[in-house]
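In what follows, a structure is listed as structure tokens, so that the remarks can point back to it.
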Amino acid sequence: MDVLSRPLIDRTLPLLAEGYAWLPNRMRDATGPVVRTRIMGRPALALRGPEAVRFFYDEENVHRHRAIPEPVLATLFGHEAVHTLDGAAHRARKSLFLPLLEPGRVAGLVDHVTAAWDEAVPAWGRRGSVVLFDEAGTVLATGVHRWAGIPLDDADAAATARDMIAMVDGFATAGPRHLRARRARARQEDRLGRLVRDVRSGEVTAPAGSVLDLVCRHRDADGEQLDEKTAAVELLNVVRPTTAVAWFVAFAAHALHRWPEHRAPLADGDLPFTAAFTHEVRRFYPFVPFLGGLAVRDLYWRGEWIPAGGLVVLDVYGQNHDESLWGDPYAFRPRRFLERPVERDELIPQGGGDPATGHRCPGEGITVGVLEALAGRLARMEYSVPEQNLTIPLNRVPTRPHSGVLLAGIRPAAG
Ligand code: HEM
């Protein structure tokens with residue numbers, strides 16, 4: 001009997017119920033280094049570890065085309081997004097995002113985001129208390145729009161941020177959160193599609209070299225410009241994940257509350273520690289659970305067979321909490337990143353491999369840069385943390401502190 005017809009119990013439902021714990025639990029129960037299971041009717045092999053990362057990101061082994069389920073495309077990534085492409089088509093589209101890796105661009109975005117944060121903080125103080133997750137989303141959405149050359153009235157910033165957050169929040173559920181995510185995507189694709197049309201017709205000017213300008217002028221591998229909808233999808237693939245750094249900002253505040261000893265080095269601007277803290281936030285807190293692609297051909301991984309068309313799953317959360325890589329992985333310990341250099345394929349909260357040639361996130365520099373800057377500002381800000389539910393449920397994907405991190409009595413940093 002081949003693997004495709006072997007009567008494995010489909011694990012889709014436990015996956016939804018157990019969330020982040022699902023694959024790590026299966027790995028713990030497994031006898032070898034892999035887990036064989038079934039997801040959405042397909043045989044699936046789940047892997048982790050730096051070697052598994054290289055296996056997963058080898059295009060001779062794993063493709064993305066048709067690997068991402070429609071509910072995820074309709075909410076998180078968008079149809080025809082760069083995430084769904086392989087080979088020459090992927091490389092041509094990815095070239096649109098590679099400038100995001102340039103340190104100068106990252107610094108430009110950090111400047112816009114920190115300016116938006118500094119503008120917002122006095123009003124937070126006047127309001128008595130704020131939910132940091134929501135406010136960080138608005139700050140990030142404001143900063144990324146200004147930087148990308150995409151017009152956004154200040155009055156629309158909070159609603160736009162809510163749409164960006166909704167698209168991420170609803171991709172892994174079937175209930176009301178999912179419907180909200182679909183409606184948010186439709187609204188935002190419509191807004192940005194109209195903007196692309198106006199730029200191309202000359203009615204609106206895109207600042208030269210801005211993300212808006214690059215996307216409007218980009219040509220795919222076939223030499224054609226992106227249609228308006230796909231251009232909107234790719235603009236959203238910059239604006240949405242930058243807004244989603246709000247998850248990490250909330251997690252950073254959670255860490256500062258739970259382990260206040262980290263506040264002083266951040267507030268003092270200790271740069272190596274700030275970088276280490278940022279990496280530990282991305283490693284320790286649960287965000288991306290796993291990534292999947294389809295086996296291009298019959299594959300063997302450590303003696304385990306996966307048939308052509310089977311699902312290959314990279315256990316992102318599991319690898320970021322793998323005892324053999326991280327020693328005491330469930331301890332929040334930023335200094336682990338100061339004790340040894342971390343290899344490219346060990347820390348994979350935003351995917352692995354080389355972002356220039358594979359699907360690794362091109363926004364990792366942006367995420368780190370923005371988070372470093374905002375973690376420092378958080379550590380210097382005066383506030384209290386009222387009684388609230390700060391638990392982070394592991395059966396919710398994506399999860400976050402239940403309260404969104406309520407802060408009260410906010411006073412900007414002196415000096
Ligand atoms: C891809 C995570 C921020 C743009 C990815 C992938 C992950 C990820 C896991 C998929 C890797 C793969 O398929 O192998 C995150 C997380 C972020 C974040 C956790 C923090 C909030 C950003 C930012 C940007 C960005 C700030 C842009 C400004 C993209 C794009 C892709 C991508 C365009 C598709 C790359 C491709 O398919 O080649 N991200 N990301 N992300 N990310 Fe991010």
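Order determines the names: the first chain of the structure tokens is A, the second B, and so forth; residues in each chain are numbered 1 upward, and ligands are numbered 1 upward as they are shown.
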Show me which residues line ligand 1, defined as having an atom within 7 Å of a ligand atom where only C-alpha atoms and all ligand atoms count, and present them as a PDB file with N, CA and C atoms, in the first residue's frame.
ATOM      1  N   VAL A  82       3.497  36.550  -4.629  1.00  0.00           N
ATOM      2  CA  VAL A  82       4.862  36.030  -4.770  1.00  0.00           C
ATOM      3  C   VAL A  82       5.019  34.702  -4.024  1.00  0.00           C
ATOM      4  N   HIS A  83       4.297  34.536  -2.938  1.00  0.00           N
ATOM      5  CA  HIS A  83       4.400  33.306  -2.126  1.00  0.00           C
ATOM      6  C   HIS A  83       4.049  32.056  -2.928  1.00  0.00           C
ATOM      7  N   THR A  84       3.239  32.214  -3.993  1.00  0.00           N
ATOM      8  CA  THR A  84       2.705  31.048  -4.709  1.00  0.00           C
ATOM      9  C   THR A  84       3.550  30.663  -5.914  1.00  0.00           C
ATOM     10  N   HIS A  90       9.071  33.125  -9.885  1.00  0.00           N
ATOM     11  CA  HIS A  90       9.307  33.573  -8.500  1.00  0.00           C
ATOM     12  C   HIS A  90      10.465  34.569  -8.436  1.00  0.00           C
ATOM     13  N   LYS A  94      10.212  38.191  -7.107  1.00  0.00           N
ATOM     14  CA  LYS A  94      10.932  38.442  -5.845  1.00  0.00           C
ATOM     15  C   LYS A  94      11.838  39.656  -5.977  1.00  0.00           C
ATOM     16  N   PHE A  97      10.895  42.707  -4.294  1.00  0.00           N
ATOM     17  CA  PHE A  97      10.984  42.825  -2.829  1.00  0.00           C
ATOM     18  C   PHE A  97      12.422  42.893  -2.317  1.00  0.00           C
ATOM     19  N   LEU A 100      13.953  45.740  -0.356  1.00  0.00           N
ATOM     20  CA  LEU A 100      13.558  45.894   1.055  1.00  0.00           C
ATOM     21  C   LEU A 100      14.654  45.417   2.003  1.00  0.00           C
ATOM     22  N   ASN A 237       1.481  43.000   0.387  1.00  0.00           N
ATOM     23  CA  ASN A 237       2.511  42.106   0.923  1.00  0.00           C
ATOM     24  C   ASN A 237       3.674  42.867   1.534  1.00  0.00           C
ATOM     25  N   VAL A 238       3.640  44.181   1.443  1.00  0.00           N
ATOM     26  CA  VAL A 238       4.588  45.020   2.187  1.00  0.00           C
ATOM     27  C   VAL A 238       3.875  45.680   3.383  1.00  0.00           C
ATOM     28  N   VAL A 239       2.699  46.251   3.118  1.00  0.00           N
ATOM     29  CA  VAL A 239       2.003  47.025   4.161  1.00  0.00           C
ATOM     30  C   VAL A 239       1.482  46.105   5.276  1.00  0.00           C
ATOM     31  N   PRO A 241       2.387  42.875   6.338  1.00  0.00           N
ATOM     32  CA  PRO A 241       3.316  42.296   7.328  1.00  0.00           C
ATOM     33  C   PRO A 241       4.054  43.352   8.146  1.00  0.00           C
ATOM     34  N   THR A 242       4.237  44.548   7.581  1.00  0.00           N
ATOM     35  CA  THR A 242       4.888  45.575   8.412  1.00  0.00           C
ATOM     36  C   THR A 242       3.954  45.952   9.561  1.00  0.00           C
ATOM     37  N   ALA A 244       1.903  43.987  10.835  1.00  0.00           N
ATOM     38  CA  ALA A 244       1.856  42.808  11.714  1.00  0.00           C
ATOM     39  C   ALA A 244       3.016  42.752  12.704  1.00  0.00           C
ATOM     40  N   VAL A 245       4.010  43.612  12.527  1.00  0.00           N
ATOM     41  CA  VAL A 245       5.077  43.667  13.537  1.00  0.00           C
ATOM     42  C   VAL A 245       4.458  44.042  14.901  1.00  0.00           C
ATOM     43  N   TRP A 247       2.381  42.382  16.429  1.00  0.00           N
ATOM     44  CA  TRP A 247       2.381  41.160  17.260  1.00  0.00           C
ATOM     45  C   TRP A 247       3.661  41.138  18.092  1.00  0.00           C
ATOM     46  N   PHE A 248       4.794  41.407  17.421  1.00  0.00           N
ATOM     47  CA  PHE A 248       6.073  41.342  18.140  1.00  0.00           C
ATOM     48  C   PHE A 248       6.209  42.490  19.145  1.00  0.00           C
ATOM     49  N   PHE A 287       4.379  32.758  16.612  1.00  0.00           N
ATOM     50  CA  PHE A 287       3.706  33.547  15.572  1.00  0.00           C
ATOM     51  C   PHE A 287       3.437  32.625  14.370  1.00  0.00           C
ATOM     52  N   VAL A 288       4.454  32.380  13.537  1.00  0.00           N
ATOM     53  CA  VAL A 288       4.262  31.463  12.403  1.00  0.00           C
ATOM     54  C   VAL A 288       4.365  30.031  12.929  1.00  0.00           C
ATOM     55  N   LEU A 291       5.406  26.013   7.859  1.00  0.00           N
ATOM     56  CA  LEU A 291       5.289  26.371   6.445  1.00  0.00           C
ATOM     57  C   LEU A 291       5.130  25.085   5.657  1.00  0.00           C
ATOM     58  N   PRO A 349      11.982  32.266  12.349  1.00  0.00           N
ATOM     59  CA  PRO A 349      10.615  32.774  12.542  1.00  0.00           C
ATOM     60  C   PRO A 349      10.035  33.370  11.263  1.00  0.00           C
ATOM     61  N   GLN A 350      10.897  33.731  10.295  1.00  0.00           N
ATOM     62  CA  GLN A 350      10.427  34.317   9.044  1.00  0.00           C
ATOM     63  C   GLN A 350      10.908  33.481   7.866  1.00  0.00           C
ATOM     64  N   GLY A 351      10.992  32.175   8.083  1.00  0.00           N
ATOM     65  CA  GLY A 351      11.431  31.256   7.042  1.00  0.00           C
ATOM     66  C   GLY A 351      12.941  31.103   7.058  1.00  0.00           C
ATOM     67  N   GLY A 352      13.448  30.175   6.214  1.00  0.00           N
ATOM     68  CA  GLY A 352      14.879  29.896   6.179  1.00  0.00           C
ATOM     69  C   GLY A 352      15.434  30.024   4.776  1.00  0.00           C
ATOM     70  N   PRO A 355      17.009  34.689   1.237  1.00  0.00           N
ATOM     71  CA  PRO A 355      15.837  35.442   0.764  1.00  0.00           C
ATOM     72  C   PRO A 355      15.953  35.859  -0.703  1.00  0.00           C
ATOM     73  N   GLY A 358      15.249  32.135  -2.531  1.00  0.00           N
ATOM     74  CA  GLY A 358      14.117  31.302  -2.106  1.00  0.00           C
ATOM     75  C   GLY A 358      12.988  32.152  -1.552  1.00  0.00           C
ATOM     76  N   HIS A 359      12.114  31.520  -0.790  1.00  0.00           N
ATOM     77  CA  HIS A 359      10.925  32.220  -0.289  1.00  0.00           C
ATOM     78  C   HIS A 359      11.127  32.884   1.062  1.00  0.00           C
ATOM     79  N   ARG A 360      12.345  32.820   1.605  1.00  0.00           N
ATOM     80  CA  ARG A 360      12.542  33.453   2.925  1.00  0.00           C
ATOM     81  C   ARG A 360      12.037  34.896   2.879  1.00  0.00           C
ATOM     82  N   CYS A 361      11.519  35.335   3.988  1.00  0.00           N
ATOM     83  CA  CYS A 361      10.913  36.670   4.104  1.00  0.00           C
ATOM     84  C   CYS A 361      11.926  37.763   3.749  1.00  0.00           C
ATOM     85  N   PRO A 362      11.585  38.638   2.805  1.00  0.00           N
ATOM     86  CA  PRO A 362      12.479  39.765   2.501  1.00  0.00           C
ATOM     87  C   PRO A 362      12.328  40.902   3.510  1.00  0.00           C
ATOM     88  N   GLY A 363      11.402  40.734   4.446  1.00  0.00           N
ATOM     89  CA  GLY A 363      11.136  41.803   5.406  1.00  0.00           C
ATOM     90  C   GLY A 363      11.781  41.549   6.762  1.00  0.00           C
ATOM     91  N   GLU A 364      12.732  40.609   6.813  1.00  0.00           N
ATOM     92  CA  GLU A 364      13.318  40.271   8.118  1.00  0.00           C
ATOM     93  C   GLU A 364      14.138  41.453   8.671  1.00  0.00           C
ATOM     94  N   ILE A 366      13.628  44.566   8.039  1.00  0.00           N
ATOM     95  CA  ILE A 366      12.650  45.582   8.452  1.00  0.00           C
ATOM     96  C   ILE A 366      12.078  45.214   9.821  1.00  0.00           C
ATOM     97  N   THR A 367      11.700  43.955   9.975  1.00  0.00           N
ATOM     98  CA  THR A 367      11.105  43.507  11.237  1.00  0.00           C
ATOM     99  C   THR A 367      12.070  43.742  12.396  1.00  0.00           C
TER     100      THR A 367
END
| task | Please identify all polymer residues within 8 Å of Leu347 of chain A, counting only C-alpha atoms, omitting same-chain residues fewer than 4 positions from it, and present them as a list in words. | result | Arg283, Gln319, Asn320, Val342, Glu343 and Gly352 of chain A
Residues near Gly369 of chain A, cut-off 8 Å, only C-alpha atoms, skip fewer than 6 positions along chain, as an mmCIF file with N, CA and C atoms, in the first residue's frame:
data_model
loop_
_atom_site.group_PDB
_atom_site.id
_atom_site.type_symbol
_atom_site.label_atom_id
_atom_site.label_comp_id
_atom_site.auth_asym_id
_atom_site.auth_seq_id
_atom_site.Cartn_x
_atom_site.Cartn_y
_atom_site.Cartn_z
ATOM 1 N N VAL A 106 15.711 50.061 5.006
ATOM 2 C CA VAL A 106 15.241 49.677 6.343
ATOM 3 C C VAL A 106 15.303 50.895 7.262
ATOM 4 N N ALA A 107 16.424 51.624 7.189
ATOM 5 C CA ALA A 107 16.587 52.796 8.064
ATOM 6 C C ALA A 107 15.505 53.836 7.763
ATOM 7 N N VAL A 110 12.350 52.670 9.404
ATOM 8 C CA VAL A 110 12.452 52.819 10.866
ATOM 9 C C VAL A 110 12.221 54.283 11.244
#
| task | Within segment 205-347 of chain A, find each residue whose DSSP state, derived from the backbone, is helix (DSSP H, G or I), and express the selection as a PyMOL selection string. | result | chain A and resi 211-217+228-243+245-258+260-267+271-284+316-319+323-326+336-339
How would the residues just chosen look if you wrote them out with C-alpha atoms as an mmCIF file, in the first residue's frame?
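The new file part_38.cif reads:
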data_model
loop_
_atom_site.group_PDB
_atom_site.id
_atom_site.type_symbol
_atom_site.label_atom_id
_atom_site.label_comp_id
_atom_site.auth_asym_id
_atom_site.auth_seq_id
_atom_site.Cartn_x
_atom_site.Cartn_y
_atom_site.Cartn_z
ATOM 1 C CA VAL A 211 7.527 50.866 -3.143
ATOM 2 C CA LEU A 212 4.389 52.212 -4.850
ATOM 3 C CA ASP A 213 6.469 53.344 -7.843
ATOM 4 C CA LEU A 214 8.359 50.013 -8.040
ATOM 5 C CA VAL A 215 5.178 47.931 -7.910
ATOM 6 C CA CYS A 216 3.379 50.064 -10.530
ATOM 7 C CA ARG A 217 6.319 49.763 -12.935
ATOM 8 C CA GLU A 228 -4.136 46.093 -10.909
ATOM 9 C CA LYS A 229 -5.336 43.360 -8.565
ATOM 10 C CA THR A 230 -1.970 41.596 -8.411
ATOM 11 C CA ALA A 231 -0.191 44.938 -7.941
ATOM 12 C CA ALA A 232 -2.551 45.611 -5.010
ATOM 13 C CA VAL A 233 -1.793 42.131 -3.626
ATOM 14 C CA GLU A 234 1.946 42.840 -3.695
ATOM 15 C CA LEU A 235 1.550 46.313 -2.153
ATOM 16 C CA LEU A 236 -0.363 44.587 0.617
ATOM 17 C CA ASN A 237 2.511 42.106 0.923
ATOM 18 C CA VAL A 238 4.588 45.020 2.187
ATOM 19 C CA VAL A 239 2.003 47.025 4.161
ATOM 20 C CA ARG A 240 0.261 44.082 5.879
ATOM 21 C CA PRO A 241 3.316 42.296 7.328
ATOM 22 C CA THR A 242 4.888 45.575 8.412
ATOM 23 C CA THR A 243 1.690 46.355 10.334
ATOM 24 C CA VAL A 245 5.077 43.667 13.537
ATOM 25 C CA ALA A 246 2.460 44.816 16.125
ATOM 26 C CA TRP A 247 2.381 41.160 17.260
ATOM 27 C CA PHE A 248 6.073 41.342 18.140
ATOM 28 C CA VAL A 249 5.674 44.760 19.780
ATOM 29 C CA ALA A 250 2.968 43.295 22.039
ATOM 30 C CA PHE A 251 5.199 40.297 22.748
ATOM 31 C CA ALA A 252 8.132 42.616 23.551
ATOM 32 C CA ALA A 253 5.949 44.485 26.065
ATOM 33 C CA HIS A 254 4.851 41.146 27.519
ATOM 34 C CA ALA A 255 8.511 40.133 27.931
ATOM 35 C CA LEU A 256 9.407 43.455 29.589
ATOM 36 C CA HIS A 257 6.536 43.008 32.047
ATOM 37 C CA ARG A 258 7.373 39.393 32.801
ATOM 38 C CA PRO A 260 11.757 43.522 33.856
ATOM 39 C CA GLU A 261 15.515 42.976 34.171
ATOM 40 C CA HIS A 262 15.723 43.398 30.374
ATOM 41 C CA ARG A 263 14.380 46.958 30.504
ATOM 42 C CA ALA A 264 17.601 48.718 31.566
ATOM 43 C CA PRO A 265 19.929 47.525 28.775
ATOM 44 C CA LEU A 266 17.243 48.316 26.196
ATOM 45 C CA ALA A 267 16.584 51.755 27.679
ATOM 46 C CA LEU A 271 22.859 47.791 20.743
ATOM 47 C CA PRO A 272 24.119 44.181 20.906
ATOM 48 C CA PHE A 273 21.635 43.453 23.711
ATOM 49 C CA THR A 274 18.806 45.148 21.796
ATOM 50 C CA ALA A 275 19.526 42.966 18.749
ATOM 51 C CA ALA A 276 19.652 39.871 20.984
ATOM 52 C CA PHE A 277 16.364 40.804 22.701
ATOM 53 C CA THR A 278 14.692 41.250 19.308
ATOM 54 C CA HIS A 279 15.866 37.840 18.101
ATOM 55 C CA GLU A 280 14.720 36.217 21.337
ATOM 56 C CA VAL A 281 11.255 37.797 20.981
ATOM 57 C CA ARG A 282 11.022 36.387 17.436
ATOM 58 C CA ARG A 283 12.299 32.965 18.566
ATOM 59 C CA PHE A 284 10.463 32.553 21.841
ATOM 60 C CA VAL A 316 8.873 26.596 12.343
ATOM 61 C CA TYR A 317 7.597 26.900 15.914
ATOM 62 C CA GLY A 318 9.076 23.488 16.765
ATOM 63 C CA GLN A 319 12.495 24.386 15.375
ATOM 64 C CA GLU A 323 16.162 21.761 22.741
ATOM 65 C CA SER A 324 19.102 20.584 20.615
ATOM 66 C CA LEU A 325 19.434 24.020 18.992
ATOM 67 C CA TRP A 326 18.441 26.329 21.801
ATOM 68 C CA ARG A 336 21.800 33.280 24.277
ATOM 69 C CA PHE A 337 22.243 35.308 21.076
ATOM 70 C CA LEU A 338 25.346 37.002 22.508
ATOM 71 C CA GLU A 339 26.954 33.705 23.507
#
| field | Non-local contacts of Gly128 of chain A (10 Å; only C-alpha atoms; under 5 positions in same chain excluded) as an MDAnalysis selection string | value | chainID A and resid 123 407:410
All heavy atoms of the current selection, written as a PDB file, in the first residue's frame:
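To be explicit, this is the file written out as out-v7.pdb:
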ATOM      1  N   ALA A 123      -0.762  61.463  22.917  1.00  0.00           N
ATOM      2  CA  ALA A 123      -2.215  61.221  22.949  1.00  0.00           C
ATOM      3  C   ALA A 123      -2.530  59.975  23.779  1.00  0.00           C
ATOM      4  O   ALA A 123      -3.561  59.926  24.469  1.00  0.00           O
ATOM      5  CB  ALA A 123      -2.736  61.047  21.524  1.00  0.00           C
ATOM      6  N   LEU A 407      -1.848  49.279  28.641  1.00  0.00           N
ATOM      7  CA  LEU A 407      -0.886  50.136  29.352  1.00  0.00           C
ATOM      8  C   LEU A 407      -1.619  51.369  29.859  1.00  0.00           C
ATOM      9  O   LEU A 407      -2.479  51.920  29.162  1.00  0.00           O
ATOM     10  CB  LEU A 407       0.244  50.576  28.413  1.00  0.00           C
ATOM     11  CG  LEU A 407       1.037  49.483  27.695  1.00  0.00           C
ATOM     12  CD1 LEU A 407       2.144  50.106  26.833  1.00  0.00           C
ATOM     13  CD2 LEU A 407       1.639  48.475  28.675  1.00  0.00           C
ATOM     14  N   ALA A 408      -1.267  51.820  31.053  1.00  0.00           N
ATOM     15  CA  ALA A 408      -1.928  53.004  31.637  1.00  0.00           C
ATOM     16  C   ALA A 408      -0.867  54.007  32.090  1.00  0.00           C
ATOM     17  O   ALA A 408       0.311  53.654  32.242  1.00  0.00           O
ATOM     18  CB  ALA A 408      -2.800  52.571  32.817  1.00  0.00           C
ATOM     19  N   GLY A 409      -1.324  55.252  32.274  1.00  0.00           N
ATOM     20  CA  GLY A 409      -0.436  56.292  32.825  1.00  0.00           C
ATOM     21  C   GLY A 409       0.807  56.504  31.975  1.00  0.00           C
ATOM     22  O   GLY A 409       1.909  56.671  32.518  1.00  0.00           O
ATOM     23  N   ILE A 410       0.644  56.533  30.680  1.00  0.00           N
ATOM     24  CA  ILE A 410       1.823  56.599  29.798  1.00  0.00           C
ATOM     25  C   ILE A 410       2.431  57.997  29.800  1.00  0.00           C
ATOM     26  O   ILE A 410       1.738  58.998  29.634  1.00  0.00           O
ATOM     27  CB  ILE A 410       1.412  56.200  28.357  1.00  0.00           C
ATOM     28  CG1 ILE A 410       1.029  54.720  28.338  1.00  0.00           C
ATOM     29  CG2 ILE A 410       2.523  56.507  27.355  1.00  0.00           C
ATOM     30  CD1 ILE A 410       0.445  54.231  27.042  1.00  0.00           C
TER      31      ILE A 410
END
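Straight-line separation from atom CA of Leu314 of chain A to atom CA of Arg400 of chain A: 21.8 Å.
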| field | From A:Tyr57, A:Trp259, A:Trp117, A:Trp22, residue lying nearest Gly376 of chain A [only C-alpha atoms] | value |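 When distances to Gly376 of chain A are compared using only C-alpha atoms, the smallest one comes from A:Trp117.
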| query | Pick the closest to Arg105 of chain A from A:Gly209, A:Pro69, A:Pro24, A:Gly353: which is it, counting only C-alpha atoms? | reply | A:Gly209
| Within 10 Å of His178 of chain A, counting only C-alpha atoms, which residues qualify if same-chain residues fewer than 6 places away don't, as a ChimeraX atom specification? | /A:71-72,74-75,166-172,184
| d(atom CA of Pro122 of chain A, atom CA of Thr138 of chain A) in Å | 14.6 Å
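If only C-alpha atoms are the atoms counted, then among A:Thr114, A:Ala136, A:Leu406, A:Arg66 the closest residue to Tyr383 of chain A is A:Leu406.
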